[in-house]
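Reviewing the structure listed below.
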2 protein chains.
Amino acid sequence: MKPQKDSTAYRVEPFTEDHTGHLSWGLLGNQILRCAGMHADARGFGFKDMIRSNHVWVLARLVIEMDRMPATGEDYAIETWVTRVYRQFTDRMFSIQAPGADKPFGHALSTWALIDLDTRRPRDLSTLPEGDISQYVCEEQVPIAEPSRIVVKAKEPVYTLTAGYSDLDVNGHVNSIRYLQMAMDLFSTTICGEGRRVRRAEMAYGGESYVGDQLQFFTDGIVDNQAAVVIKRNGESVTTKITLVFE
Amino acid sequence: MKPQKDSTAYRVEPFTEDHTGHLSWGLLGNQILRCAGMHADARGFGFKDMIRSNHVWVLARLVIEMDRMPATGEDYAIETWVTRVYRQFTDRMFSIQAPGADKPFGHALSTWALIDLDTRRPRDLSTLPEGDISQYVCEEQVPIAEPSRIVVKAKEPVYTLTAGYSDLDVNGHVNSIRYLQMAMDLFSTTICGEGRRVRRAEMAYGGESYVGDQLQFFTDGIVDNQAAVVIKRNGESVTTKITLVFE
C-alpha cells in the first residue's frame with residue numbers, strides 16, 4: 001500500500017511571482033489542486049479513474065492560510081493527504097512546507113464531492129466503484145480554522161467582468177483559483193497600494209461558470225481585516241463565495 | 001565562453017493547460033520571457049547585472065508563432081539565442097522544440113531595449129558598461145515573418161477592465177503576456193465556441209500600465225483571419241498593440 005501522504009517539491013521561479021517578488025496566490029492555488037490530483041491518481045481514485053464510470057471530483061470548499069509566502073528562488077514543498085471520508089464528501093489537507101525551517105509556510109484544507117455526470121448528483125463515497133478511499137485516510141489535521149459562513153449585504157455589484165478564454169480550465173469552466181484572483185483584484189489598492197498582504201483565503205464553490213458569462217462581484221468592503229466577496233453569474237446564481245483575511 | 005544558445009526543458013502539467021488540454025498561451029509566453037532572462041543572466045547581461053548600473057531591459061516587441069501546441073503530459077523545450085545587437089536594440093529568437101519530432105512546435109522572435117532608469121532613455125548597446133553582448137550573437141534566424149504594422153480604426157472600446165493585483169509582474173507593471181491573454185479573451189467566442197486556434201500573436205509594447213489603470217480595448221474584429229487590438233490606458237496612451245492570427 002502507498003503511504004498516506006505525498007510531497008511535491010517546488011521552487012519560486014521568475015515570472016511566476018507577484019509584485020512583491022513572492023509566490024503568487026494564483027500559482028500556489030493551482031499547484032495545490034495539482035498535488036491533490038496527483039495524490040489521487042497515484043492511488044487509483046483520480047480524474048482518469050473516476051471518469052471511466054462517468055464521475056468527476058468537484059471542489060466544494062478550499063481554505064489556504066499562509067503565514068509567509070516563499071520568495072523568488074526559495075524552495076517549498078506541498079504535502080497532501082486525505083483526512084476524512086463522510087457520506088458524499090471527502091476532506092483533504094495540505095501543508096506548504098519550508099525545507100530546513102522550523103515551521104511551514106502555511107496550510108490548506110479542502111472538501112470535495114464526487115459528481116455522477118449522468119444524474120448530476122453527488123455520489124455516496126462509501127460505495128465507490130473503483131475501490132475504497134478510506135484506506136488512505138490519515139487523521140492528522142492542519143492547525144488552521146474551519147471556514148466561516150460568508151455573507152454579503154451589498155445589493156449592487158462593485159465590479160463586473162466577462163469570463164474569457166484565459167480564465168478557463170481544461171473542463172471549459174472558469175478555473176477555481178481564478179475566482180480567488182478576481183476577488184483579490186477588487187482589493188488591489190489595499191494589497192498593492194497599502195501593502196497589506198492576504199494571509200488567508202476561504203472559497204466556497206457553488207455552480208460553475210463558463211466563457212462569456214457576466215461575473216458580478218458583490219462585497220461590503222473590508223470589515224475587521226476581512227473582506228467577503230460573492231460572485232454571481234449572469235445576475236442569477238452564486239458561483240463562488242470568498243473571504244479574504246488581511247494581515 | 002558559453003555557447004550562444006541555451007535550451008530549457010518543460011512538460012505540460014495539469015492545471016496549466018487551456019480548455020483544449022494544450023499548453024496555454026499565457027504560460028508559454030511567460031516561459032519564453034523566463035528563458036530570455038536565464039540566458040542573459042548566465043552570460044552576465046541579465047536583470048541583476050543591469051540594475052547595478054540602474055538599467056533595465058524592456059521588451060519592445062514579441063512575436064510567437066505555434067504550428068501546434070504541446071498537449072498535457074507532452075515534453076517541449078525552449079531554445080533561445082541573440083541574433084543581433086544594433087544601436088539601441090537587440091533581437092532574440094526562440095525555438096519551441098518538440099523532442100523526437102521532425103519539426104518544432106513553433107518559434108518566437110523578440111526585440112529588447114535597455115532603459116537607463118535615471119534618464120528614462122534607451123542606452124546605446126554598443127557601449128554597455130557590463131561587457132559586450134555581441135560576442136554571444138548567433139545569426140541563425142527563425143522561419144517566421146516579421147511583425148506587421150498594427151492599425152485599428154474603431155473609435156469606441158469594445159471592452160474595458162481595471163488592471164488588478166493578479167495582472168502584475170514583479171516590477172509592479174501589468175505583465176507583458178497578460179496583455180496577450182486579455183486580447184485573446186476578446187475573441188473567446190471564436191476560440192472556445194468556434195474552436196478556432198490562435199496560430200500567431202504579435203505584440204508591440206508601448207508604455208507600461210499599473211494597478212488601478214482602466215485598460216480599454218479597441219478592435220475592428222476579425223478580418224482575413226486576423227484581429228488587431230489596441231490597448232489604451234486611462235483613455236490616453238497606447239500601452240500595447242496586438243495582432244492575433246487565427247488558424
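Following the order of the C-alpha cells, first chain is A, next is B, and so on, with residues numbered from 1 inside each chain and ligands from 1 in the order they appear.
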
Interface, chain B side, toward chain A (6 Å; only C-alpha atoms) as number ranges by chain: B: 18-21, 164-166, 168-172, 181, 185, 188

Selection file, N, CA, C and O atoms, as a short mmCIF file (atom, residue, chain, number, x, y, z; two decimals), in the first residue's frame:
```cif
data_model
loop_
_atom_site.label_atom_id
_atom_site.label_comp_id
_atom_site.auth_asym_id
_atom_site.auth_seq_id
_atom_site.Cartn_x
_atom_site.Cartn_y
_atom_site.Cartn_z
N ASP B 18 -4.94 25.06 -21.35
CA ASP B 18 -6.15 25.80 -21.66
C ASP B 18 -7.33 24.82 -21.76
O ASP B 18 -7.19 23.63 -21.42
N HIS B 19 -8.47 25.30 -22.23
CA HIS B 19 -9.69 24.49 -22.26
C HIS B 19 -9.60 23.30 -23.21
O HIS B 19 -10.42 22.40 -23.15
N THR B 20 -8.60 23.29 -24.10
CA THR B 20 -8.46 22.17 -25.03
C THR B 20 -7.46 21.13 -24.54
O THR B 20 -7.20 20.15 -25.23
N GLY B 21 -6.87 21.36 -23.36
CA GLY B 21 -5.88 20.42 -22.85
C GLY B 21 -4.50 20.62 -23.44
O GLY B 21 -3.66 19.71 -23.39
N GLY B 164 -5.56 44.78 -12.12
CA GLY B 164 -5.58 44.41 -10.70
C GLY B 164 -4.32 43.69 -10.26
O GLY B 164 -3.42 43.42 -11.07
N TYR B 165 -4.30 43.38 -8.98
CA TYR B 165 -3.18 42.68 -8.34
C TYR B 165 -2.69 41.48 -9.15
O TYR B 165 -1.50 41.31 -9.36
N SER B 166 -3.63 40.66 -9.64
CA SER B 166 -3.22 39.40 -10.27
C SER B 166 -2.65 39.62 -11.68
O SER B 166 -2.12 38.69 -12.27
N LEU B 168 -0.23 41.84 -12.28
CA LEU B 168 1.08 42.50 -12.15
C LEU B 168 2.24 41.51 -12.19
O LEU B 168 2.12 40.38 -11.78
N ASP B 169 3.39 42.02 -12.66
CA ASP B 169 4.62 41.27 -12.52
C ASP B 169 5.42 41.85 -11.36
O ASP B 169 4.97 42.74 -10.64
N VAL B 170 6.62 41.32 -11.17
CA VAL B 170 7.42 41.68 -10.00
C VAL B 170 7.84 43.15 -10.02
O VAL B 170 8.17 43.72 -8.98
N ASN B 171 7.77 43.80 -11.19
CA ASN B 171 8.08 45.22 -11.28
C ASN B 171 6.89 46.12 -10.94
O ASN B 171 7.02 47.34 -10.95
N GLY B 172 5.73 45.51 -10.69
CA GLY B 172 4.53 46.29 -10.41
C GLY B 172 3.85 46.81 -11.66
O GLY B 172 2.94 47.62 -11.59
N GLN B 181 -3.17 37.69 -23.13
CA GLN B 181 -4.33 36.94 -22.63
C GLN B 181 -5.59 37.78 -22.70
O GLN B 181 -6.66 37.31 -23.10
N ASP B 185 -8.95 37.08 -24.85
CA ASP B 185 -10.26 36.97 -24.19
C ASP B 185 -11.35 37.71 -24.95
O ASP B 185 -12.53 37.35 -24.85
N SER B 188 -13.00 35.15 -27.23
CA SER B 188 -13.30 33.87 -26.57
C SER B 188 -14.33 33.07 -27.35
O SER B 188 -14.24 31.84 -27.41
#
```

In stretch 50-100 of chain A, what's strand (DSSP E) per DSSP? Answer as a compact mmCIF listing (two decimals) with all heavy atoms, in the first residue's frame?
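Output (states.txt):
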```
# COMPACT_ATOMS: atom_id res chain seq x y z
N HIS A 55 -17.87 9.79 -13.47
CA HIS A 55 -17.88 10.61 -12.26
C HIS A 55 -16.74 11.62 -12.34
O HIS A 55 -15.69 11.34 -12.92
CB HIS A 55 -17.66 9.76 -11.01
CG HIS A 55 -18.83 8.88 -10.68
ND1 HIS A 55 -19.09 7.72 -11.36
CD2 HIS A 55 -19.79 9.01 -9.74
CE1 HIS A 55 -20.18 7.15 -10.85
NE2 HIS A 55 -20.63 7.92 -9.86
N VAL A 56 -16.96 12.79 -11.76
CA VAL A 56 -15.86 13.77 -11.65
C VAL A 56 -15.81 14.34 -10.24
O VAL A 56 -16.84 14.55 -9.60
CB VAL A 56 -15.99 14.95 -12.66
CG1 VAL A 56 -15.79 14.49 -14.08
CG2 VAL A 56 -17.32 15.68 -12.49
N TRP A 57 -14.59 14.60 -9.77
CA TRP A 57 -14.39 15.27 -8.48
C TRP A 57 -14.69 16.75 -8.64
O TRP A 57 -14.24 17.39 -9.59
CB TRP A 57 -12.93 15.11 -8.02
CG TRP A 57 -12.61 13.72 -7.54
CD1 TRP A 57 -11.80 12.81 -8.15
CD2 TRP A 57 -13.11 13.10 -6.34
NE1 TRP A 57 -11.75 11.66 -7.40
CE2 TRP A 57 -12.55 11.80 -6.28
CE3 TRP A 57 -13.97 13.51 -5.32
CZ2 TRP A 57 -12.82 10.92 -5.25
CZ3 TRP A 57 -14.25 12.63 -4.29
CH2 TRP A 57 -13.67 11.35 -4.26
N VAL A 58 -15.44 17.28 -7.69
CA VAL A 58 -15.77 18.71 -7.69
C VAL A 58 -15.32 19.31 -6.36
O VAL A 58 -15.60 18.74 -5.29
CB VAL A 58 -17.28 18.91 -7.91
CG1 VAL A 58 -17.68 20.36 -7.67
CG2 VAL A 58 -17.66 18.49 -9.33
N LEU A 59 -14.64 20.44 -6.45
CA LEU A 59 -14.14 21.13 -5.26
C LEU A 59 -15.29 21.90 -4.63
O LEU A 59 -15.91 22.75 -5.29
CB LEU A 59 -13.02 22.07 -5.68
CG LEU A 59 -12.27 22.85 -4.61
CD1 LEU A 59 -11.63 21.94 -3.58
CD2 LEU A 59 -11.21 23.74 -5.26
N ALA A 60 -15.62 21.59 -3.35
CA ALA A 60 -16.73 22.27 -2.67
C ALA A 60 -16.22 23.46 -1.87
O ALA A 60 -16.86 24.51 -1.83
CB ALA A 60 -17.46 21.30 -1.77
N ARG A 61 -15.07 23.28 -1.21
CA ARG A 61 -14.51 24.42 -0.47
C ARG A 61 -13.01 24.25 -0.34
O ARG A 61 -12.48 23.14 -0.39
CB ARG A 61 -15.17 24.58 0.90
CG ARG A 61 -15.06 23.35 1.74
CD ARG A 61 -15.64 23.54 3.13
NE ARG A 61 -15.05 22.52 3.99
CZ ARG A 61 -15.06 22.55 5.31
NH1 ARG A 61 -15.63 23.54 5.95
NH2 ARG A 61 -14.49 21.57 6.02
N LEU A 62 -12.35 25.38 -0.21
CA LEU A 62 -10.89 25.41 -0.13
C LEU A 62 -10.50 26.57 0.77
O LEU A 62 -11.01 27.68 0.60
CB LEU A 62 -10.29 25.60 -1.53
CG LEU A 62 -8.78 25.79 -1.64
CD1 LEU A 62 -8.01 24.56 -1.16
CD2 LEU A 62 -8.38 26.10 -3.09
N VAL A 63 -9.66 26.29 1.76
CA VAL A 63 -9.12 27.35 2.63
C VAL A 63 -7.60 27.27 2.54
O VAL A 63 -7.03 26.18 2.68
CB VAL A 63 -9.56 27.17 4.10
CG1 VAL A 63 -8.95 28.27 4.97
CG2 VAL A 63 -11.07 27.14 4.22
N ILE A 64 -6.96 28.40 2.27
CA ILE A 64 -5.49 28.46 2.24
C ILE A 64 -5.06 29.53 3.22
O ILE A 64 -5.56 30.66 3.17
CB ILE A 64 -4.97 28.81 0.83
CG1 ILE A 64 -5.55 27.86 -0.23
CG2 ILE A 64 -3.44 28.75 0.80
CD1 ILE A 64 -5.17 28.24 -1.67
N GLU A 65 -4.16 29.18 4.13
CA GLU A 65 -3.68 30.16 5.10
C GLU A 65 -2.15 30.15 5.08
O GLU A 65 -1.54 29.11 5.30
CB GLU A 65 -4.21 29.81 6.49
CG GLU A 65 -3.90 30.86 7.52
CD GLU A 65 -4.65 30.66 8.84
OE1 GLU A 65 -5.87 30.34 8.82
OE2 GLU A 65 -4.01 30.81 9.89
N MET A 66 -1.56 31.28 4.79
CA MET A 66 -0.10 31.36 4.60
C MET A 66 0.50 32.36 5.59
O MET A 66 0.25 33.57 5.50
CB MET A 66 0.23 31.80 3.17
CG MET A 66 -0.26 30.82 2.10
SD MET A 66 0.52 29.17 2.18
CE MET A 66 2.16 29.55 1.55
N ASP A 75 12.78 27.51 -2.03
CA ASP A 75 12.17 26.19 -2.19
C ASP A 75 10.98 26.03 -1.26
O ASP A 75 10.97 26.56 -0.15
CB ASP A 75 13.21 25.10 -1.85
CG ASP A 75 14.31 25.02 -2.90
OD1 ASP A 75 13.98 25.09 -4.10
OD2 ASP A 75 15.49 24.91 -2.51
N TYR A 76 10.00 25.27 -1.71
CA TYR A 76 8.88 24.88 -0.85
C TYR A 76 8.37 23.54 -1.35
O TYR A 76 8.74 23.09 -2.44
CB TYR A 76 7.78 25.96 -0.85
CG TYR A 76 7.17 26.26 -2.20
CD1 TYR A 76 5.92 25.78 -2.54
CD2 TYR A 76 7.86 27.04 -3.14
CE1 TYR A 76 5.36 26.06 -3.79
CE2 TYR A 76 7.31 27.32 -4.37
CZ TYR A 76 6.05 26.82 -4.70
OH TYR A 76 5.52 27.09 -5.92
N ALA A 77 7.57 22.90 -0.51
CA ALA A 77 7.01 21.60 -0.91
C ALA A 77 5.56 21.55 -0.45
O ALA A 77 5.21 22.09 0.61
CB ALA A 77 7.81 20.47 -0.28
N ILE A 78 4.72 20.95 -1.28
CA ILE A 78 3.31 20.81 -0.92
C ILE A 78 3.05 19.35 -0.57
O ILE A 78 3.18 18.46 -1.41
CB ILE A 78 2.39 21.27 -2.08
CG1 ILE A 78 2.68 22.74 -2.41
CG2 ILE A 78 0.92 21.06 -1.71
CD1 ILE A 78 1.86 23.29 -3.58
N GLU A 79 2.69 19.12 0.70
CA GLU A 79 2.35 17.78 1.18
C GLU A 79 0.84 17.68 1.26
O GLU A 79 0.18 18.63 1.70
CB GLU A 79 2.98 17.58 2.56
CG GLU A 79 2.88 16.15 3.06
CD GLU A 79 3.56 15.99 4.42
OE1 GLU A 79 3.21 16.73 5.36
OE2 GLU A 79 4.44 15.12 4.54
N THR A 80 0.29 16.56 0.86
CA THR A 80 -1.17 16.42 0.92
C THR A 80 -1.58 15.02 1.34
O THR A 80 -0.87 14.05 1.09
CB THR A 80 -1.83 16.79 -0.43
OG1 THR A 80 -3.25 16.74 -0.29
CG2 THR A 80 -1.40 15.87 -1.57
N TRP A 81 -2.73 14.95 2.00
CA TRP A 81 -3.29 13.68 2.45
C TRP A 81 -4.79 13.84 2.67
O TRP A 81 -5.29 14.95 2.82
CB TRP A 81 -2.58 13.20 3.73
CG TRP A 81 -2.76 14.09 4.92
CD1 TRP A 81 -3.67 13.89 5.95
CD2 TRP A 81 -2.06 15.29 5.26
NE1 TRP A 81 -3.55 14.90 6.88
CE2 TRP A 81 -2.57 15.77 6.48
CE3 TRP A 81 -1.03 16.03 4.64
CZ2 TRP A 81 -2.12 16.95 7.09
CZ3 TRP A 81 -0.58 17.19 5.25
CH2 TRP A 81 -1.11 17.64 6.46
N VAL A 82 -5.49 12.70 2.70
CA VAL A 82 -6.94 12.69 2.92
C VAL A 82 -7.19 12.44 4.40
O VAL A 82 -6.62 11.51 4.98
CB VAL A 82 -7.60 11.58 2.07
CG1 VAL A 82 -9.08 11.43 2.42
CG2 VAL A 82 -7.43 11.88 0.59
N THR A 83 -8.03 13.30 5.01
CA THR A 83 -8.27 13.14 6.45
C THR A 83 -9.59 12.47 6.77
O THR A 83 -9.80 12.00 7.89
CB THR A 83 -8.31 14.50 7.17
OG1 THR A 83 -9.15 15.37 6.43
CG2 THR A 83 -6.91 15.07 7.30
N ARG A 84 -10.50 12.44 5.82
CA ARG A 84 -11.85 12.03 6.20
C ARG A 84 -12.65 11.69 4.95
O ARG A 84 -12.50 12.35 3.91
CB ARG A 84 -12.51 13.22 6.91
CG ARG A 84 -13.70 12.87 7.77
CD ARG A 84 -14.13 14.11 8.53
NE ARG A 84 -15.50 13.96 9.00
CZ ARG A 84 -16.38 14.95 9.15
NH1 ARG A 84 -16.03 16.19 8.85
NH2 ARG A 84 -17.59 14.72 9.59
N VAL A 85 -13.49 10.67 5.07
CA VAL A 85 -14.45 10.35 4.02
C VAL A 85 -15.79 10.20 4.72
O VAL A 85 -15.93 9.37 5.64
CB VAL A 85 -14.09 9.01 3.31
CG1 VAL A 85 -15.10 8.71 2.21
CG2 VAL A 85 -12.68 9.07 2.73
N TYR A 86 -16.77 11.01 4.38
CA TYR A 86 -18.05 11.00 5.10
C TYR A 86 -19.19 11.26 4.13
O TYR A 86 -19.25 12.28 3.48
CB TYR A 86 -18.05 12.03 6.24
CG TYR A 86 -17.64 13.45 5.86
CD1 TYR A 86 -18.56 14.48 5.90
CD2 TYR A 86 -16.33 13.75 5.49
CE1 TYR A 86 -18.20 15.78 5.57
CE2 TYR A 86 -15.96 15.04 5.15
CZ TYR A 86 -16.90 16.05 5.21
OH TYR A 86 -16.53 17.32 4.87
N PHE A 89 -18.89 13.46 0.95
CA PHE A 89 -17.75 14.36 0.93
C PHE A 89 -16.46 13.67 1.40
O PHE A 89 -16.52 12.68 2.13
CB PHE A 89 -18.01 15.58 1.85
CG PHE A 89 -19.13 16.44 1.36
CD1 PHE A 89 -20.38 16.38 1.97
CD2 PHE A 89 -18.95 17.27 0.26
CE1 PHE A 89 -21.43 17.17 1.50
CE2 PHE A 89 -20.00 18.06 -0.21
CZ PHE A 89 -21.24 18.01 0.42
N THR A 90 -15.35 14.24 0.94
CA THR A 90 -14.06 13.84 1.49
C THR A 90 -13.23 15.09 1.73
O THR A 90 -13.28 16.04 0.94
CB THR A 90 -13.33 12.82 0.57
OG1 THR A 90 -12.03 12.56 1.10
CG2 THR A 90 -13.17 13.33 -0.84
N ASP A 91 -12.50 15.09 2.86
CA ASP A 91 -11.64 16.22 3.20
C ASP A 91 -10.20 15.89 2.88
O ASP A 91 -9.74 14.77 3.13
CB ASP A 91 -11.75 16.56 4.69
CG ASP A 91 -13.08 17.22 5.04
OD1 ASP A 91 -13.80 17.63 4.11
OD2 ASP A 91 -13.38 17.30 6.24
N ARG A 92 -9.50 16.88 2.36
CA ARG A 92 -8.07 16.72 2.05
C ARG A 92 -7.32 17.92 2.62
O ARG A 92 -7.77 19.05 2.50
CB ARG A 92 -7.90 16.66 0.53
CG ARG A 92 -6.46 16.67 0.06
CD ARG A 92 -6.37 16.74 -1.45
NE ARG A 92 -6.75 15.49 -2.08
CZ ARG A 92 -5.98 14.42 -2.15
NH1 ARG A 92 -4.78 14.43 -1.58
NH2 ARG A 92 -6.39 13.33 -2.75
N MET A 93 -6.19 17.64 3.25
CA MET A 93 -5.38 18.70 3.86
C MET A 93 -4.08 18.88 3.07
O MET A 93 -3.66 17.98 2.33
CB MET A 93 -5.01 18.34 5.31
CG MET A 93 -6.17 17.94 6.19
SD MET A 93 -7.11 19.36 6.78
CE MET A 93 -8.76 18.63 6.87
N PHE A 94 -3.47 20.03 3.29
CA PHE A 94 -2.20 20.37 2.64
C PHE A 94 -1.31 21.09 3.65
O PHE A 94 -1.79 21.94 4.41
CB PHE A 94 -2.41 21.31 1.46
CG PHE A 94 -3.37 20.82 0.42
CD1 PHE A 94 -4.75 21.04 0.56
CD2 PHE A 94 -2.92 20.13 -0.70
CE1 PHE A 94 -5.63 20.59 -0.40
CE2 PHE A 94 -3.80 19.68 -1.66
CZ PHE A 94 -5.17 19.90 -1.51
N SER A 95 -0.02 20.76 3.61
CA SER A 95 0.96 21.53 4.36
C SER A 95 1.94 22.10 3.35
O SER A 95 2.50 21.36 2.53
CB SER A 95 1.67 20.61 5.36
OG SER A 95 2.79 21.27 5.90
N ILE A 96 2.12 23.42 3.35
CA ILE A 96 3.09 24.05 2.43
C ILE A 96 4.38 24.22 3.22
O ILE A 96 4.53 25.13 4.03
CB ILE A 96 2.55 25.38 1.87
CG1 ILE A 96 1.31 25.12 1.01
CG2 ILE A 96 3.62 26.03 0.98
CD1 ILE A 96 0.01 25.12 1.72
N GLN A 97 5.29 23.28 3.00
CA GLN A 97 6.46 23.14 3.85
C GLN A 97 7.63 24.01 3.40
O GLN A 97 7.79 24.26 2.21
CB GLN A 97 6.88 21.67 3.87
CG GLN A 97 5.76 20.80 4.42
CD GLN A 97 6.06 19.32 4.35
OE1 GLN A 97 6.60 18.84 3.37
NE2 GLN A 97 5.72 18.62 5.40
```

Distance in Å - atom CA of B:Leu125 versus atom CA of B:Ala113: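 A separation of 8.3 Å between them.
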
Atomic distance atom CA of A:Ala71 - atom CA of A:Thr243, expressed in Å with one decimal: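 Atom-to-atom, atom CA of A:Ala71 and atom CA of A:Thr243 are spaced 24.1 Å apart.
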
Distance query B:Leu244 at most 8 Å, only C-alpha atoms, self and fewer than 3 positions along chain excluded, as a list in words: Met184, Val198, Arg199, Arg200, Ala201, Glu202, Gln226, Ala227 and Ala228 of chain B

Alpha helix (DSSP H) residues, from DSSP on the backbone, in stretch 57-231 of chain B, as an MDAnalysis selection string: chainID B and resid 176:185 188

Residues just named, written with N, CA, C and O atoms as a CSV table (one decimal), in the first residue's frame:
```csv
chain,number,residue,atom,x,y,z
B,176,SER,N,3.7,41.6,-19.3
B,176,SER,CA,3.6,41.7,-20.8
B,176,SER,C,2.7,40.7,-21.4
B,176,SER,O,2.1,40.9,-22.5
B,177,ILE,N,2.7,39.5,-20.9
B,177,ILE,CA,1.9,38.4,-21.5
B,177,ILE,C,0.5,38.5,-21.1
B,177,ILE,O,-0.4,38.0,-21.8
B,178,ARG,N,0.2,39.2,-20.0
B,178,ARG,CA,-1.2,39.3,-19.6
B,178,ARG,C,-2.0,40.1,-20.6
B,178,ARG,O,-3.2,39.9,-20.9
B,179,TYR,N,-1.3,41.1,-21.3
B,179,TYR,CA,-2.0,41.8,-22.4
B,179,TYR,C,-2.4,40.9,-23.5
B,179,TYR,O,-3.5,41.0,-24.1
B,180,LEU,N,-1.6,39.9,-23.8
B,180,LEU,CA,-2.0,38.9,-24.8
B,180,LEU,C,-3.2,38.1,-24.4
B,180,LEU,O,-4.1,37.9,-25.2
B,181,GLN,N,-3.2,37.7,-23.1
B,181,GLN,CA,-4.3,36.9,-22.6
B,181,GLN,C,-5.6,37.8,-22.7
B,181,GLN,O,-6.7,37.3,-23.1
B,182,MET,N,-5.5,39.0,-22.3
B,182,MET,CA,-6.6,39.9,-22.3
B,182,MET,C,-7.2,40.1,-23.8
B,182,MET,O,-8.4,40.1,-24.0
B,183,ALA,N,-6.2,40.3,-24.7
B,183,ALA,CA,-6.6,40.4,-26.1
B,183,ALA,C,-7.3,39.2,-26.6
B,183,ALA,O,-8.3,39.2,-27.3
B,184,MET,N,-6.8,38.0,-26.3
B,184,MET,CA,-7.4,36.7,-26.7
B,184,MET,C,-8.8,36.6,-26.1
B,184,MET,O,-9.7,36.1,-26.7
B,185,ASP,N,-9.0,37.1,-24.9
B,185,ASP,CA,-10.3,37.0,-24.2
B,185,ASP,C,-11.4,37.7,-25.0
B,185,ASP,O,-12.5,37.4,-24.9
B,188,SER,N,-13.0,35.2,-27.2
B,188,SER,CA,-13.3,33.9,-26.6
B,188,SER,C,-14.3,33.1,-27.3
B,188,SER,O,-14.2,31.8,-27.4
```

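For the pair atom CA of B:Ile115 and atom CA of B:Asn54, the separation is 8.5 Å.
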